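K.L.:
Have a look at this one.
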Amino acid sequence: MEIKLTEQGNILVVAVTGRLDTLSAPSFEKMVENRISKATNKVILDLKDLQYVSSAGLRSFLVVAQKGKALGGCVICCSASGLVRKVLEISKFCQILPEFDSLEEALRQNRV
Amino acid sequence: MFRWIQTSINAKIALVVLSTMSLVLILVLGITGVFSYSFVKSGAKTDILKLAAATASRLSQELSSVATLTRNLAYSLQIGTWDKKSVNDLLMTVVKKNRDVYGSTASFGPYEFDRQLKAYAPYFYKGLDGITFVQLADSYNYFERDWFKKPFEEKIPVWSPPYFDTGGGETLMITYSCPFFNTILNQSEPKVRGVLTADISLDHLTEMVSAIKVGDAGSAFLISNDGTLIVWPEKDLVMRETILGLAGHRGDNKLKGVAQKMLRETSGFCDAGVSLSKNDSFLAFSSLPTFGWRLGLIIPKNELFANTYMLEKILSFVGLGGLILLFTLSLLVARSISAPLKNMTFAAGKVGEGYFDIDFVEKNRLDEVGTLARSFMEMARALKKYMSDLTAATVNKERIESELRIASDIQKSMLPSIFPPFPDREDFDIYALMRPAREIGGDFFDFFLLDEDHLCISVGDVSGKGVPAALFMAVTKYLIEASTGVDTQISMSLEKVNSLLARNNETCTFVTVFLGVLDLKSGEFVYANAGHNPPLIWTENGEVQLLETIGGPLLGILDPANFAIGKATLVPDGRLLVYTDGVTEAFDRGGNVFSEEHLIEIVNRNRNLDARSIAQTVLKEIDQFCENVSQSDDITIMALHYTPNEKDHEKSIERSTLR
């Protein structure tokens, strides 16, 4: 797993590549949590290159989402595909983690 | 010995020091010896040559003084008138007053002293009883003697070679003979009247030569120009032997070389070895002016090199002393290193046996040994701590492991484990297995009869693994069991369970659950899905396909949450396969997932097997697919085989249709 963090104003864009499973989820959680703050409380999880997410990965999405909410912001995701999209769909995760088709759309939504 | 050197630092250092210093000492001694030897030798050569020349010249001078005296006397005989008495007085006085003069004669030519007397030669010499008189004319015909004839005829003074004066001085001597002339006859060529002589005995000459001081143990000798021994240590050889002859007799080539050199050269220096004296010696020689004789000086080498030898001796003693001192010190230094090393070796053994409390007295030393001692003690301390930590950690680990084992057993006991679970039911067969990725897992399955005709099944997957997941799983399983009932809609059951789980769920743990109830009479299957993988179902024509997806939120996150209800029908001899994502998302070495498609394909191929066989075949396929890659997620597979009694089934269908 690789994580690329970029900040656009008060929005933190987290691009996750590879597999997010039991092994990698804790470090993902830690890295994102460290970057969320009152000033940067909006997070977009860019899942374009995420190939697999396990239940541990979902849980870390959840932890990040709750943290964002607690700081008065929100956490959304975008560009999920394949297995990841399926997992999100089955689990109705969109109720917790709003999903957008592309990063541009997600950014637009967030700015409003 | 060799082993001692190989295995002991002491020996190595001592050996190196000893051999190096010995070499240095030998070199120093050798170089000093060679240099001081050649230095002394070249100095000695110059000095002794000078001494030889000076001595030869002095000896010659002494002899010349006798000659001068003789000439003066001869002259005085030419003037005035001399009778027997005055001649005798003159001669006696000469012999008496001159230490060097052994004897003296005034030998007159035929009829020169007295016209009546043909021969007249009064001779005085230092006899055994004082000055002795001899009339040579009575003893022998002195006109024919060399000492008379040559000066008388040639009118010049001469030195005679050494000879034995039989009938005269009766001893070995040399004689200076000077003619005296008749000056009264006023002739153009004066007529020789007689010969005046002065003898020098060889004994006296020997004394003179012996008086020459050549160091402490040196000696001198004298040979004539034909090599005849004149003054020689062995008295009986004097005048009887030449030096070359002596060399011949003795077969002494060294002496022969020395002799040839002495006769050839007027002065020189050479190594005479032991040919001239008992001691190894050098020889310096110089010729006597006038005589052409050779004066030889013999210098024993040991005297010459006494200082060198002494220097060498002192150097040797100092060197040897230094060597012993150095050897002792190097042994001490080596021991001061090797002794602690021995201690440490011993201590290392002790440490190996588990005795870590080590103290070295060397720890206060400032050198490398001190550093080593401190490091060693530090290491022992660190080891001790590590060992106790390790022991504690091991105990802890064992405790945790044993707890985990127990937890694992408890978890296993929570899941149905006896198959077939309902042996008296022929209308269905059910089999399920759960294999956790670790000791305990977050997956679960359950099935139970709500009443005679309704079988409730559930499969769940808690997020995460291990103990937290297992705890959550246990709660979920029992909540589901408690929330389901014949009269309760399964969607309601899930909503209730969700509410209970979501309460105080700070860790954001969630669980996906597939919950279904099968009407065993009609085959009607009612189900709800909380974010779980869709199960596989056998269709009417025997194909295997995914159960129609009706998604729902995960349990434990959102409260309240709503769940939809799905309905399907299990045909007689139809099967249902419920599983967790540990199946479809098993990975092989290359990172490829097992996938839903692959699962469907495998199940299709084995669709006619019984419940147990299907579940186990799928598990086997997963293991084959993963090879030796360790299982990343818990795997749960549940297979339900519906085999209703045909009559009952039909009745039931009719009833439901009527309704």
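We name chains A, B, ... following the order of the structure tokens; residues begin at 1 in each chain, and ligands are numbered from 1 as shown.
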Would you mind listing what lies within 12 Å of Lys191 in chain B as a short mmCIF file (atom, residue, chain, number, x, y, z; two decimals) with N, CA, C and O atoms, in the first residue's frame, with only C-alpha atoms counted and same-chain residues fewer than 5 positions away left out?

P.N.:
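What follows is the written file around_24.cif:
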```
data_model
loop_
_atom_site.label_atom_id
_atom_site.label_comp_id
_atom_site.auth_asym_id
_atom_site.auth_seq_id
_atom_site.Cartn_x
_atom_site.Cartn_y
_atom_site.Cartn_z
N GLN B 78 146.59 8.75 14.84
CA GLN B 78 147.38 9.27 13.72
C GLN B 78 148.30 10.41 14.16
O GLN B 78 149.24 10.75 13.46
N PHE B 108 147.84 -3.28 14.39
CA PHE B 108 148.77 -2.62 13.48
C PHE B 108 149.09 -3.53 12.31
O PHE B 108 149.10 -4.75 12.42
N GLY B 109 149.36 -2.89 11.17
CA GLY B 109 149.76 -3.63 10.00
C GLY B 109 151.16 -4.22 10.24
O GLY B 109 151.81 -3.96 11.26
N GLU B 112 154.32 -2.28 11.50
CA GLU B 112 153.96 -0.87 11.59
C GLU B 112 154.17 -0.32 12.99
O GLU B 112 154.43 0.86 13.18
N PHE B 152 141.73 -2.38 6.06
CA PHE B 152 143.17 -2.17 5.86
C PHE B 152 143.49 -1.99 4.39
O PHE B 152 144.23 -1.11 4.01
N GLU B 153 142.80 -2.84 3.59
CA GLU B 153 143.11 -2.79 2.17
C GLU B 153 142.34 -1.68 1.46
O GLU B 153 142.85 -0.99 0.60
N GLU B 154 141.07 -1.52 1.86
CA GLU B 154 140.23 -0.54 1.15
C GLU B 154 140.29 0.85 1.77
O GLU B 154 139.71 1.79 1.25
N LYS B 155 140.96 0.95 2.89
CA LYS B 155 141.18 2.22 3.57
C LYS B 155 139.86 2.91 3.96
O LYS B 155 139.76 4.13 3.96
N PRO B 179 140.33 2.32 9.69
CA PRO B 179 141.78 2.36 9.48
C PRO B 179 142.39 3.66 10.03
O PRO B 179 141.70 4.68 10.07
N PHE B 180 143.58 3.56 10.51
CA PHE B 180 144.30 4.81 10.84
C PHE B 180 145.60 4.85 10.05
O PHE B 180 146.15 3.82 9.70
N PHE B 181 146.03 6.08 9.78
CA PHE B 181 147.10 6.25 8.78
C PHE B 181 148.39 6.81 9.40
O PHE B 181 148.36 7.42 10.46
N ASN B 182 149.44 6.55 8.64
CA ASN B 182 150.72 7.11 9.04
C ASN B 182 150.82 8.51 8.43
O ASN B 182 151.06 8.69 7.26
N THR B 183 150.56 9.51 9.22
CA THR B 183 150.49 10.88 8.68
C THR B 183 151.86 11.56 8.65
O THR B 183 152.03 12.62 8.05
N ILE B 184 152.82 10.97 9.31
CA ILE B 184 154.14 11.60 9.39
C ILE B 184 154.82 11.58 8.01
O ILE B 184 155.34 12.56 7.55
N LEU B 185 154.66 10.45 7.34
CA LEU B 185 155.18 10.40 5.97
C LEU B 185 154.30 11.30 5.14
O LEU B 185 153.11 11.08 5.05
N ASN B 186 154.75 12.27 4.65
CA ASN B 186 153.91 13.26 3.98
C ASN B 186 153.62 12.82 2.56
O ASN B 186 153.95 13.47 1.59
#
```

K.L.:
Can you list every residue of range 37-101 of chain A that has an atom at most 9 Å from range 8-21 of chain A, with its nearest atom pair and the distance in Å to one decimal, using only C-alpha atoms, ordered by chain then number, as a tab-separated table?

P.N.:
```
residue	atom	partner	partner_atom	distance
A:Ala39	CA	A:Asn10	CA	6.1
A:Thr40	CA	A:Asn10	CA	4.4
A:Asn41	CA	A:Asn10	CA	6.7
A:Lys42	CA	A:Ile11	CA	4.8
A:Val43	CA	A:Leu12	CA	4.7
A:Ile44	CA	A:Val13	CA	4.8
A:Leu45	CA	A:Val14	CA	4.8
A:Asp46	CA	A:Ala15	CA	4.6
A:Leu47	CA	A:Val16	CA	5.8
A:Lys48	CA	A:Ala15	CA	7.6
A:Asp49	CA	A:Thr17	CA	4.8
A:Leu50	CA	A:Thr17	CA	4.6
A:Gln51	CA	A:Gly18	CA	5.3
A:Tyr52	CA	A:Arg19	CA	4.8
A:Val53	CA	A:Leu20	CA	4.8
A:Ser54	CA	A:Asp21	CA	4.9
A:Ser55	CA	A:Asp21	CA	7.3
A:Ala56	CA	A:Asp21	CA	5.7
A:Gly57	CA	A:Leu20	CA	5.2
A:Leu58	CA	A:Leu20	CA	8.5
```

K.L.:
For a quick check of understanding, using only C-alpha atoms, which of A:Leu103, A:Leu71, A:Val32, A:Leu97 has the smallest distance to chain B?

P.N.:
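Checking each candidate against chain B, we get A:Leu97 as the closest.
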
K.L.:
Within 10 Å of chain A, which residues belong to chain B? Use only C-alpha atoms and report them as a CSV table (one decimal) with C-alpha atoms, in the first residue's frame.

P.N.:
```csv
chain,number,residue,atom,x,y,z
B,461,ASP,CA,-17.7,-11.4,9.3
B,462,VAL,CA,-16.4,-8.9,11.9
B,463,SER,CA,-14.0,-6.2,10.7
B,464,GLY,CA,-10.5,-6.9,11.8
B,465,LYS,CA,-9.1,-10.1,13.2
B,506,GLU,CA,-16.2,3.5,20.0
B,507,THR,CA,-13.7,1.4,18.1
B,508,CYS,CA,-15.9,1.6,15.0
B,509,THR,CA,-15.9,-2.2,14.7
B,510,PHE,CA,-18.6,-3.5,12.5
B,511,VAL,CA,-19.9,-6.8,11.2
B,512,THR,CA,-21.3,-8.0,8.0
B,513,VAL,CA,-24.1,-10.5,8.4
B,529,ASN,CA,-28.0,-8.8,4.1
B,530,ALA,CA,-26.0,-6.4,6.2
B,531,GLY,CA,-23.1,-5.7,3.8
B,532,HIS,CA,-22.2,-9.3,3.4
B,533,ASN,CA,-21.1,-11.1,0.2
B,534,PRO,CA,-24.0,-12.5,-1.8
B,549,THR,CA,-28.2,-8.8,-4.2
B,550,ILE,CA,-30.1,-6.7,-1.7
B,551,GLY,CA,-27.5,-4.6,0.0
B,552,GLY,CA,-27.7,-3.3,3.5
B,553,PRO,CA,-25.6,-1.3,5.9
B,554,LEU,CA,-22.9,-2.9,8.0
B,555,LEU,CA,-24.0,-3.7,11.6
B,557,ILE,CA,-22.2,1.8,12.6
B,558,LEU,CA,-25.4,3.6,11.7
B,561,ALA,CA,-30.5,1.5,10.0
B,581,ASP,CA,-14.9,-12.6,1.8
B,582,GLY,CA,-12.0,-14.7,3.2
B,585,GLU,CA,-10.4,-12.6,-1.4
B,591,GLY,CA,-1.3,-11.2,-5.3
B,593,VAL,CA,-7.5,-12.9,-5.7
B,595,SER,CA,-12.5,-14.2,-7.0
B,632,SER,CA,-4.8,-13.4,5.3
B,633,ASP,CA,-8.5,-13.5,6.4
```

K.L.:
Name the residues in contact with Thr20 in chain B at a cut-off of 12 Å, using only C-alpha atoms, excluding same-chain residues fewer than 6 positions from it; report them as a PDB file with N, CA, C and O atoms, in the first residue's frame.

P.N.:
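Done, and the output landed in result-v9.pdb:
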```pdb
ATOM      1  N   LYS B  12      54.547 -15.390  22.846  1.00  0.00           N
ATOM      2  CA  LYS B  12      54.709 -14.726  21.556  1.00  0.00           C
ATOM      3  C   LYS B  12      55.454 -13.407  21.729  1.00  0.00           C
ATOM      4  O   LYS B  12      56.423 -13.140  21.039  1.00  0.00           O
ATOM      5  N   ILE B  13      54.969 -12.606  22.681  1.00  0.00           N
ATOM      6  CA  ILE B  13      55.595 -11.300  22.890  1.00  0.00           C
ATOM      7  C   ILE B  13      57.044 -11.483  23.323  1.00  0.00           C
ATOM      8  O   ILE B  13      57.958 -10.858  22.777  1.00  0.00           O
ATOM      9  N   ALA B  14      57.247 -12.380  24.290  1.00  0.00           N
ATOM     10  CA  ALA B  14      58.603 -12.617  24.793  1.00  0.00           C
ATOM     11  C   ALA B  14      59.516 -13.064  23.666  1.00  0.00           C
ATOM     12  O   ALA B  14      60.633 -12.586  23.526  1.00  0.00           O
ATOM     13  N   ILE B  26      73.342  -8.478  18.549  1.00  0.00           N
ATOM     14  CA  ILE B  26      74.384  -9.122  17.755  1.00  0.00           C
ATOM     15  C   ILE B  26      74.893  -8.157  16.698  1.00  0.00           C
ATOM     16  O   ILE B  26      76.097  -8.013  16.480  1.00  0.00           O
ATOM     17  N   LEU B  27      73.948  -7.459  16.051  1.00  0.00           N
ATOM     18  CA  LEU B  27      74.338  -6.484  15.031  1.00  0.00           C
ATOM     19  C   LEU B  27      75.226  -5.396  15.627  1.00  0.00           C
ATOM     20  O   LEU B  27      76.275  -5.062  15.073  1.00  0.00           O
ATOM     21  N   LEU B 323      68.712  -7.111  27.733  1.00  0.00           N
ATOM     22  CA  LEU B 323      67.894  -8.176  27.139  1.00  0.00           C
ATOM     23  C   LEU B 323      67.070  -8.872  28.204  1.00  0.00           C
ATOM     24  O   LEU B 323      65.871  -9.092  28.056  1.00  0.00           O
ATOM     25  N   LEU B 326      64.490  -6.493  29.467  1.00  0.00           N
ATOM     26  CA  LEU B 326      63.428  -6.327  28.481  1.00  0.00           C
ATOM     27  C   LEU B 326      62.534  -7.558  28.446  1.00  0.00           C
ATOM     28  O   LEU B 326      61.310  -7.465  28.398  1.00  0.00           O
ATOM     29  N   PHE B 327      63.182  -8.703  28.514  1.00  0.00           N
ATOM     30  CA  PHE B 327      62.451  -9.969  28.479  1.00  0.00           C
ATOM     31  C   PHE B 327      61.515 -10.050  29.675  1.00  0.00           C
ATOM     32  O   PHE B 327      60.331 -10.365  29.545  1.00  0.00           O
TER      33      PHE B 327
END
```

K.L.:
Give me, please, the distance in Å between CA of Pro26 in chain A and CA of Ile635 in chain B, quoted to one decimal.

P.N.:
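Distance reported for this atom pair: 21.7 Å.
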
K.L.:
Quick one, how far is CA of Lys342 in chain B from CA of Asp359 in chain B?

P.N.:
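Separation between CA of Lys342 in chain B and CA of Asp359 in chain B: 13.7 Å.
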
K.L.:
Between CA of Ile298 in chain B and CA of Gly257 in chain B, measure the distance and give it in Å to one decimal.

P.N.:
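Spanning CA of Ile298 in chain B to CA of Gly257 in chain B is a straight-line distance of 15.4 Å.
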
K.L.:
Set the distance at 12 Å and use only C-alpha atoms: which residues neighbour Asn141 in chain B once local chain neighbours fewer than 5 positions away are removed? I'd like the list as a PyMOL selection string.

P.N.:
chain B and resi 107-110+118-121+135-136+146-149+166-168

K.L.:
May I have all residues of range 397-426 of chain B that DSSP, computed from the backbone, assigns to alpha helix (DSSP H), given as JSON, numbers by chain?

P.N.:
{"B": [397, 398, 399, 400, 401, 402, 403, 404, 405, 406, 407, 408, 409, 410, 411, 412, 413, 414]}

K.L.:
Among chain A, which residues does DSSP mark as strand (DSSP E or B) when it is run on the backbone? Keep the chain and numbering as in the structure and answer as a VMD selection string.

P.N.:
chain A and resid 2 to 8 11 to 20 42 to 46 50 to 53 74 to 78 99 to 100
